[in-house]
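First comes the structure, then the notes that go with it.
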Amino acid sequence: MHKVLFVCLGNICRSPAADGVMVHLVNERGISSQFEIDSAGTSAHHVGEPADSRMREHAQRRGIFLGSISRAFDASSDFEKYDLILAMDNSNYRNILAMNPSGEYHHKVKMFCDFAKNRSESEVPDPYYGGAKGFEQVLDIVEDGVEGILKHYEQK
Ligand code: 4NP
């Protein structure tokens, strides 16, 4: 069982998109039993909320359902439980590492974009205060990166 956790700031835009795209693809490929997939935010600001309606609408147009409910990253259990903890941007990455001062779990924390084929972006830009283009860009990067994550596990 591969356990993957996507982490952004609010857990209402970028990490729910990655979570939903990966769930969609593993279901489509009949490999969902091999994976446990979830998402979380470094901030607790939106806890209990579904994904942002704009993010859900853009995903729905691509046939992808986003069903996450925002939760905060839990340093007391998420570091131990997940094999791969994927930060959507540099600030998320630093914030996750800072929650594990001993560094014991730092090897599990990676940048999401490291798995993408298209290397033009090193981060998934925060779409929250922008327009439709930003949400489409999130989905483009996320679809690419999730393909890379699945390839990574195929090669193991
Ligand atoms: P996310 O986007 O980190 O991709 O979920 C954001 C959601 C909310 C806020 C910022 C980014 N906010 O400032 O409330």
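Letters A, B, ... mark the chains of the structure tokens in the order given; residue numbers begin at 1 per chain; ligand numbers begin at 1, in order shown.
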
Please write out the residues within 9 Å of ligand 1 as a compact mmCIF listing (two decimals) with all heavy atoms, in the first residue's frame, counting only C-alpha atoms and all ligand atoms.
# COMPACT_ATOMS: atom_id res chain seq x y z
N VAL A 7 -0.15 18.38 0.21
CA VAL A 7 -0.29 19.45 1.19
C VAL A 7 -0.13 20.83 0.55
O VAL A 7 0.87 21.09 -0.15
CB VAL A 7 0.75 19.30 2.33
CG1 VAL A 7 0.55 20.38 3.39
CG2 VAL A 7 0.66 17.92 2.99
N CYS A 8 -1.13 21.71 0.77
CA CYS A 8 -1.01 23.12 0.36
C CYS A 8 -1.30 23.98 1.58
O CYS A 8 -1.20 23.50 2.72
CB CYS A 8 -1.91 23.43 -0.83
SG CYS A 8 -3.67 23.19 -0.52
N LEU A 9 -1.65 25.23 1.37
CA LEU A 9 -1.89 26.12 2.50
C LEU A 9 -3.27 25.89 3.11
O LEU A 9 -3.40 25.57 4.29
CB LEU A 9 -1.73 27.58 2.04
CG LEU A 9 -2.06 28.67 3.05
CD1 LEU A 9 -1.12 28.60 4.25
CD2 LEU A 9 -1.97 30.05 2.40
N GLY A 10 -4.31 26.05 2.31
CA GLY A 10 -5.67 26.01 2.85
C GLY A 10 -6.38 24.68 2.72
O GLY A 10 -7.43 24.47 3.32
N ASN A 11 -5.83 23.78 1.91
CA ASN A 11 -6.47 22.51 1.59
C ASN A 11 -7.88 22.71 1.01
O ASN A 11 -8.80 21.94 1.28
CB ASN A 11 -6.51 21.57 2.81
CG ASN A 11 -6.93 20.12 2.50
OD1 ASN A 11 -7.56 19.46 3.33
ND2 ASN A 11 -6.61 19.62 1.33
N ILE A 12 -8.02 23.79 0.22
CA ILE A 12 -9.28 23.97 -0.50
C ILE A 12 -9.08 24.14 -2.01
O ILE A 12 -10.05 24.12 -2.76
CB ILE A 12 -10.14 25.14 0.05
CG1 ILE A 12 -9.34 26.44 0.08
CG2 ILE A 12 -10.73 24.80 1.41
CD1 ILE A 12 -10.20 27.67 0.38
N CYS A 13 -7.83 24.31 -2.47
CA CYS A 13 -7.61 24.47 -3.92
C CYS A 13 -6.64 23.43 -4.47
O CYS A 13 -7.03 22.45 -5.10
CB CYS A 13 -7.12 25.88 -4.26
SG CYS A 13 -8.32 27.19 -3.88
N ARG A 14 -5.33 23.67 -4.24
CA ARG A 14 -4.32 22.86 -4.93
C ARG A 14 -4.24 21.42 -4.46
O ARG A 14 -4.24 20.49 -5.29
CB ARG A 14 -2.95 23.55 -4.81
CG ARG A 14 -2.91 24.88 -5.54
CD ARG A 14 -1.73 25.71 -5.10
NE ARG A 14 -1.86 26.14 -3.71
CZ ARG A 14 -0.94 26.80 -3.02
NH1 ARG A 14 0.22 27.07 -3.59
NH2 ARG A 14 -1.16 27.17 -1.77
N SER A 15 -4.15 21.19 -3.14
CA SER A 15 -4.02 19.79 -2.70
C SER A 15 -5.31 19.00 -2.91
O SER A 15 -5.23 17.81 -3.25
CB SER A 15 -3.48 19.68 -1.27
OG SER A 15 -4.31 20.31 -0.33
N PRO A 16 -6.51 19.60 -2.78
CA PRO A 16 -7.71 18.84 -3.13
C PRO A 16 -7.73 18.47 -4.61
O PRO A 16 -8.22 17.39 -4.98
CB PRO A 16 -8.86 19.80 -2.81
CG PRO A 16 -8.30 20.69 -1.75
CD PRO A 16 -6.85 20.88 -2.12
N ALA A 17 -7.19 19.36 -5.47
CA ALA A 17 -7.15 19.05 -6.91
C ALA A 17 -6.24 17.84 -7.16
O ALA A 17 -6.60 16.91 -7.89
CB ALA A 17 -6.67 20.25 -7.71
N ALA A 40 -4.13 17.74 2.86
CA ALA A 40 -4.21 18.53 4.10
C ALA A 40 -3.65 19.91 3.84
O ALA A 40 -2.99 20.16 2.82
CB ALA A 40 -3.42 17.83 5.21
N GLY A 41 -3.90 20.83 4.79
CA GLY A 41 -3.37 22.19 4.69
C GLY A 41 -2.42 22.49 5.83
O GLY A 41 -2.56 21.94 6.92
N THR A 42 -1.44 23.38 5.58
CA THR A 42 -0.55 23.77 6.68
C THR A 42 -1.27 24.78 7.58
O THR A 42 -0.87 24.98 8.72
CB THR A 42 0.76 24.41 6.16
OG1 THR A 42 0.43 25.53 5.34
CG2 THR A 42 1.56 23.40 5.36
N SER A 43 -2.33 25.40 7.06
CA SER A 43 -3.13 26.32 7.87
C SER A 43 -4.47 25.66 8.18
O SER A 43 -4.97 24.85 7.40
CB SER A 43 -3.36 27.62 7.07
OG SER A 43 -4.72 27.99 7.07
N HIS A 45 -7.18 27.37 8.61
CA HIS A 45 -8.14 28.43 8.31
C HIS A 45 -9.46 27.96 7.69
O HIS A 45 -10.50 28.54 7.93
CB HIS A 45 -7.46 29.40 7.34
CG HIS A 45 -7.87 30.81 7.54
ND1 HIS A 45 -7.37 31.57 8.56
CD2 HIS A 45 -8.74 31.59 6.87
CE1 HIS A 45 -7.92 32.77 8.50
NE2 HIS A 45 -8.75 32.81 7.48
N HIS A 46 -9.40 26.93 6.87
CA HIS A 46 -10.60 26.49 6.13
C HIS A 46 -11.08 25.09 6.56
O HIS A 46 -11.82 24.44 5.82
CB HIS A 46 -10.32 26.51 4.63
CG HIS A 46 -10.08 27.89 4.10
ND1 HIS A 46 -11.11 28.74 3.73
CD2 HIS A 46 -8.95 28.60 3.92
CE1 HIS A 46 -10.61 29.90 3.33
NE2 HIS A 46 -9.30 29.84 3.44
N ALA A 51 -13.72 21.66 -1.07
CA ALA A 51 -12.82 22.41 -1.96
C ALA A 51 -13.54 23.65 -2.48
O ALA A 51 -14.77 23.66 -2.63
CB ALA A 51 -12.36 21.52 -3.11
N ASP A 52 -12.77 24.69 -2.75
CA ASP A 52 -13.27 25.95 -3.30
C ASP A 52 -14.17 25.66 -4.52
O ASP A 52 -13.82 24.85 -5.38
CB ASP A 52 -12.05 26.79 -3.71
CG ASP A 52 -12.42 28.17 -4.19
OD1 ASP A 52 -12.92 28.28 -5.33
OD2 ASP A 52 -12.19 29.12 -3.44
N SER A 70 -11.59 20.06 3.98
CA SER A 70 -10.30 20.59 4.45
C SER A 70 -9.97 20.12 5.87
O SER A 70 -10.80 20.14 6.77
CB SER A 70 -10.34 22.12 4.40
OG SER A 70 -9.15 22.66 4.93
N MET A 88 2.89 21.56 -2.36
CA MET A 88 2.53 22.18 -3.63
C MET A 88 3.38 23.42 -3.93
O MET A 88 3.56 23.75 -5.10
CB MET A 88 1.03 22.54 -3.65
CG MET A 88 0.09 21.40 -3.29
SD MET A 88 0.33 19.85 -4.22
CE MET A 88 -0.56 20.19 -5.73
N ASP A 89 3.88 24.13 -2.90
CA ASP A 89 4.80 25.24 -3.18
C ASP A 89 5.92 25.28 -2.15
O ASP A 89 5.92 24.51 -1.17
CB ASP A 89 4.07 26.58 -3.35
CG ASP A 89 3.48 27.14 -2.06
OD1 ASP A 89 3.93 26.76 -0.96
OD2 ASP A 89 2.55 27.98 -2.16
N ASN A 92 4.85 25.90 1.48
CA ASN A 92 4.27 24.69 2.09
C ASN A 92 5.40 23.74 2.51
O ASN A 92 5.37 23.16 3.59
CB ASN A 92 3.37 23.92 1.11
CG ASN A 92 2.30 24.73 0.44
OD1 ASN A 92 1.95 24.47 -0.71
ND2 ASN A 92 1.74 25.71 1.13
N VAL A 124 3.30 24.83 -7.64
CA VAL A 124 1.93 24.99 -8.14
C VAL A 124 1.45 26.34 -7.62
O VAL A 124 1.28 26.51 -6.41
CB VAL A 124 0.99 23.86 -7.64
CG1 VAL A 124 -0.38 23.99 -8.29
CG2 VAL A 124 1.60 22.49 -7.93
N PRO A 125 1.25 27.33 -8.51
CA PRO A 125 0.90 28.68 -8.03
C PRO A 125 -0.46 28.71 -7.33
O PRO A 125 -1.40 28.05 -7.76
CB PRO A 125 0.87 29.51 -9.31
CG PRO A 125 1.57 28.71 -10.35
CD PRO A 125 1.39 27.27 -9.97
N ASP A 126 -0.53 29.49 -6.26
CA ASP A 126 -1.76 29.65 -5.49
C ASP A 126 -2.82 30.36 -6.35
O ASP A 126 -2.60 31.50 -6.75
CB ASP A 126 -1.42 30.47 -4.25
CG ASP A 126 -2.60 30.70 -3.33
OD1 ASP A 126 -3.74 30.35 -3.73
OD2 ASP A 126 -2.39 31.21 -2.23
N PRO A 127 -3.95 29.72 -6.64
CA PRO A 127 -4.95 30.32 -7.53
C PRO A 127 -5.99 31.17 -6.81
O PRO A 127 -6.86 31.77 -7.43
CB PRO A 127 -5.64 29.08 -8.13
CG PRO A 127 -5.66 28.12 -6.98
CD PRO A 127 -4.37 28.37 -6.20
N TYR A 128 -5.92 31.22 -5.48
CA TYR A 128 -7.03 31.70 -4.66
C TYR A 128 -7.50 33.11 -4.99
O TYR A 128 -8.69 33.38 -5.06
CB TYR A 128 -6.66 31.61 -3.18
CG TYR A 128 -7.82 31.77 -2.23
CD1 TYR A 128 -8.80 30.78 -2.14
CD2 TYR A 128 -7.95 32.90 -1.43
CE1 TYR A 128 -9.87 30.91 -1.26
CE2 TYR A 128 -9.01 33.03 -0.55
CZ TYR A 128 -9.97 32.04 -0.47
OH TYR A 128 -11.03 32.17 0.39
N TYR A 129 -6.53 34.03 -5.20
CA TYR A 129 -6.91 35.43 -5.44
C TYR A 129 -6.92 35.79 -6.92
O TYR A 129 -7.07 36.96 -7.27
CB TYR A 129 -6.00 36.37 -4.65
CG TYR A 129 -6.22 36.23 -3.16
CD1 TYR A 129 -5.28 35.58 -2.36
CD2 TYR A 129 -7.38 36.73 -2.56
CE1 TYR A 129 -5.50 35.42 -1.00
CE2 TYR A 129 -7.60 36.58 -1.20
CZ TYR A 129 -6.66 35.92 -0.42
OH TYR A 129 -6.88 35.78 0.91
N VAL A 138 -3.48 25.22 -12.39
CA VAL A 138 -3.34 24.24 -11.30
C VAL A 138 -3.65 22.83 -11.83
O VAL A 138 -2.88 21.88 -11.62
CB VAL A 138 -4.27 24.57 -10.11
CG1 VAL A 138 -4.37 23.40 -9.13
CG2 VAL A 138 -3.80 25.82 -9.38

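Every residue of region 40-135 of chain A with a DSSP assignment of alpha helix (DSSP H), taken from the backbone, is listed as Ser53, Arg54, Met55, Arg56, Glu57, His58, Ala59, Gln60, Arg61, Asp78, Phe79, Glu80, Lys81, Asn90, Ser91, Asn92, Tyr93, Arg94, Asn95, Ile96, Leu97, Ala98, Ala132, Lys133, Gly134 and Phe135 of chain A.
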
Could you pull out the residues in region 52-89 of chain A that DSSP calls strand (DSSP E) from the backbone, as a PyMOL selection string?
-> chain A and resi 84-87

I need the chosen residues saved as a tab-separated table (two decimals), in the first residue's frame, with N, CA, C and O atoms.
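Just written: part.tsv:
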chain	number	residue	atom	x	y	z
A	84	LEU	N	4.84	9.40	1.25
A	84	LEU	CA	5.20	10.51	0.38
A	84	LEU	C	4.30	11.69	0.77
A	84	LEU	O	3.07	11.58	0.71
A	85	ILE	N	4.95	12.78	1.18
A	85	ILE	CA	4.22	13.99	1.59
A	85	ILE	C	4.61	15.07	0.59
A	85	ILE	O	5.79	15.45	0.52
A	86	LEU	N	3.66	15.49	-0.24
A	86	LEU	CA	3.99	16.35	-1.38
A	86	LEU	C	3.53	17.78	-1.17
A	86	LEU	O	2.33	18.06	-1.07
A	87	ALA	N	4.50	18.68	-1.12
A	87	ALA	CA	4.22	20.11	-0.94
A	87	ALA	C	3.94	20.74	-2.30
A	87	ALA	O	4.65	20.50	-3.27

So that I can see what lies close to region 26-33 of chain A, please list as a compact mmCIF listing (two decimals) with all heavy atoms, in the first residue's frame the residues with an atom at most 12 Å from it, counting only C-alpha atoms and leaving out residues fewer than 6 positions away in the same chain.
# COMPACT_ATOMS: atom_id res chain seq x y z
N MET A 1 0.84 -1.21 0.00
CA MET A 1 0.00 0.00 0.00
C MET A 1 0.88 1.25 0.00
O MET A 1 1.74 1.40 0.84
CB MET A 1 -0.89 -0.03 1.26
CG MET A 1 -1.69 1.21 1.50
SD MET A 1 -3.17 1.33 0.47
CE MET A 1 -4.32 0.40 1.46
N HIS A 2 0.65 2.12 -0.98
CA HIS A 2 1.39 3.38 -1.05
C HIS A 2 0.52 4.48 -0.45
O HIS A 2 -0.63 4.63 -0.85
CB HIS A 2 1.70 3.74 -2.50
CG HIS A 2 2.36 2.66 -3.27
ND1 HIS A 2 3.57 2.12 -2.89
CD2 HIS A 2 1.99 2.00 -4.40
CE1 HIS A 2 3.91 1.18 -3.75
NE2 HIS A 2 2.97 1.08 -4.67
N LYS A 3 1.10 5.22 0.47
CA LYS A 3 0.31 6.26 1.15
C LYS A 3 0.85 7.63 0.78
O LYS A 3 1.99 7.96 1.07
CB LYS A 3 0.37 6.03 2.65
CG LYS A 3 -0.27 4.71 3.03
CD LYS A 3 -0.24 4.47 4.52
CE LYS A 3 -0.86 3.10 4.81
NZ LYS A 3 -0.72 2.73 6.22
N ASP A 19 -5.34 15.52 -4.99
CA ASP A 19 -6.00 14.39 -4.34
C ASP A 19 -7.07 13.82 -5.28
O ASP A 19 -7.09 12.61 -5.60
CB ASP A 19 -6.60 14.93 -3.03
CG ASP A 19 -7.32 13.93 -2.17
OD1 ASP A 19 -7.55 12.80 -2.62
OD2 ASP A 19 -7.67 14.30 -1.02
N GLY A 20 -7.94 14.70 -5.80
CA GLY A 20 -9.05 14.27 -6.67
C GLY A 20 -8.56 13.68 -7.98
O GLY A 20 -9.11 12.68 -8.46
N GLY A 63 -14.05 16.27 -15.87
CA GLY A 63 -14.60 14.97 -15.45
C GLY A 63 -14.05 14.49 -14.12
O GLY A 63 -14.13 13.31 -13.79
N ILE A 64 -13.50 15.43 -13.34
CA ILE A 64 -12.88 15.03 -12.07
C ILE A 64 -13.66 15.60 -10.90
O ILE A 64 -13.91 16.81 -10.81
CB ILE A 64 -11.40 15.49 -12.02
CG1 ILE A 64 -10.61 14.71 -13.08
CG2 ILE A 64 -10.79 15.27 -10.64
CD1 ILE A 64 -9.43 15.45 -13.61
N PHE A 65 -14.03 14.72 -9.98
CA PHE A 65 -14.79 15.10 -8.79
C PHE A 65 -13.82 15.35 -7.64
O PHE A 65 -12.95 14.52 -7.37
CB PHE A 65 -15.76 13.96 -8.44
CG PHE A 65 -16.42 14.12 -7.11
CD1 PHE A 65 -17.41 15.09 -6.92
CD2 PHE A 65 -16.05 13.32 -6.03
CE1 PHE A 65 -18.02 15.25 -5.68
CE2 PHE A 65 -16.66 13.48 -4.78
CZ PHE A 65 -17.65 14.44 -4.61
N VAL A 146 0.69 14.14 -11.21
CA VAL A 146 0.10 12.88 -10.73
C VAL A 146 0.49 11.72 -11.66
O VAL A 146 0.78 10.61 -11.18
CB VAL A 146 -1.44 12.99 -10.56
CG1 VAL A 146 -2.08 11.64 -10.34
CG2 VAL A 146 -1.77 13.93 -9.40
N GLU A 147 0.56 12.00 -12.97
CA GLU A 147 1.05 10.96 -13.90
C GLU A 147 2.46 10.53 -13.50
O GLU A 147 2.80 9.34 -13.52
CB GLU A 147 1.07 11.47 -15.34
CG GLU A 147 -0.29 11.59 -16.00
CD GLU A 147 -0.95 10.24 -16.29
OE1 GLU A 147 -0.32 9.18 -16.08
OE2 GLU A 147 -2.13 10.27 -16.69
N ILE A 149 3.82 10.71 -10.51
CA ILE A 149 3.78 9.96 -9.25
C ILE A 149 3.41 8.50 -9.53
O ILE A 149 4.01 7.58 -8.99
CB ILE A 149 2.77 10.61 -8.27
CG1 ILE A 149 3.27 12.00 -7.85
CG2 ILE A 149 2.56 9.72 -7.05
CD1 ILE A 149 2.19 12.87 -7.23
N LEU A 150 2.43 8.31 -10.43
CA LEU A 150 2.02 6.93 -10.75
C LEU A 150 3.15 6.19 -11.45
O LEU A 150 3.38 5.00 -11.17
CB LEU A 150 0.74 6.94 -11.60
CG LEU A 150 -0.50 7.36 -10.81
CD1 LEU A 150 -1.70 7.56 -11.72
CD2 LEU A 150 -0.83 6.34 -9.73
N LYS A 151 3.88 6.86 -12.31
CA LYS A 151 5.05 6.24 -12.97
C LYS A 151 6.11 5.86 -11.94
O LYS A 151 6.70 4.79 -12.01
CB LYS A 151 5.66 7.21 -14.00
CG LYS A 151 4.88 7.29 -15.28
CD LYS A 151 5.82 7.57 -16.48
CE LYS A 151 5.03 7.59 -17.77
NZ LYS A 151 4.28 8.86 -17.93
N TYR A 153 5.69 5.00 -8.91
CA TYR A 153 5.31 3.76 -8.21
C TYR A 153 5.36 2.55 -9.13
O TYR A 153 5.63 1.44 -8.67
CB TYR A 153 3.93 3.92 -7.55
CG TYR A 153 4.00 4.71 -6.28
CD1 TYR A 153 3.34 5.92 -6.15
CD2 TYR A 153 4.78 4.27 -5.20
CE1 TYR A 153 3.41 6.66 -4.97
CE2 TYR A 153 4.87 5.00 -4.03
CZ TYR A 153 4.18 6.19 -3.93
OH TYR A 153 4.25 6.92 -2.76
N GLU A 154 5.08 2.75 -10.43
CA GLU A 154 5.17 1.62 -11.39
C GLU A 154 6.59 1.08 -11.46
O GLU A 154 6.80 -0.10 -11.65
CB GLU A 154 4.80 2.10 -12.80
CG GLU A 154 3.33 2.04 -13.12
CD GLU A 154 3.03 2.79 -14.42
OE1 GLU A 154 3.94 2.96 -15.25
OE2 GLU A 154 1.87 3.22 -14.56

Identify which of the residues A:Glu143, A:Glu104, A:Glu57, A:Glu49 lies closest to Lys117 (chain A), counting only C-alpha atoms when measuring atom-to-atom distances.
->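 Looking only at the distances to Lys117 (chain A), the closest residue turns out to be A:Glu143.
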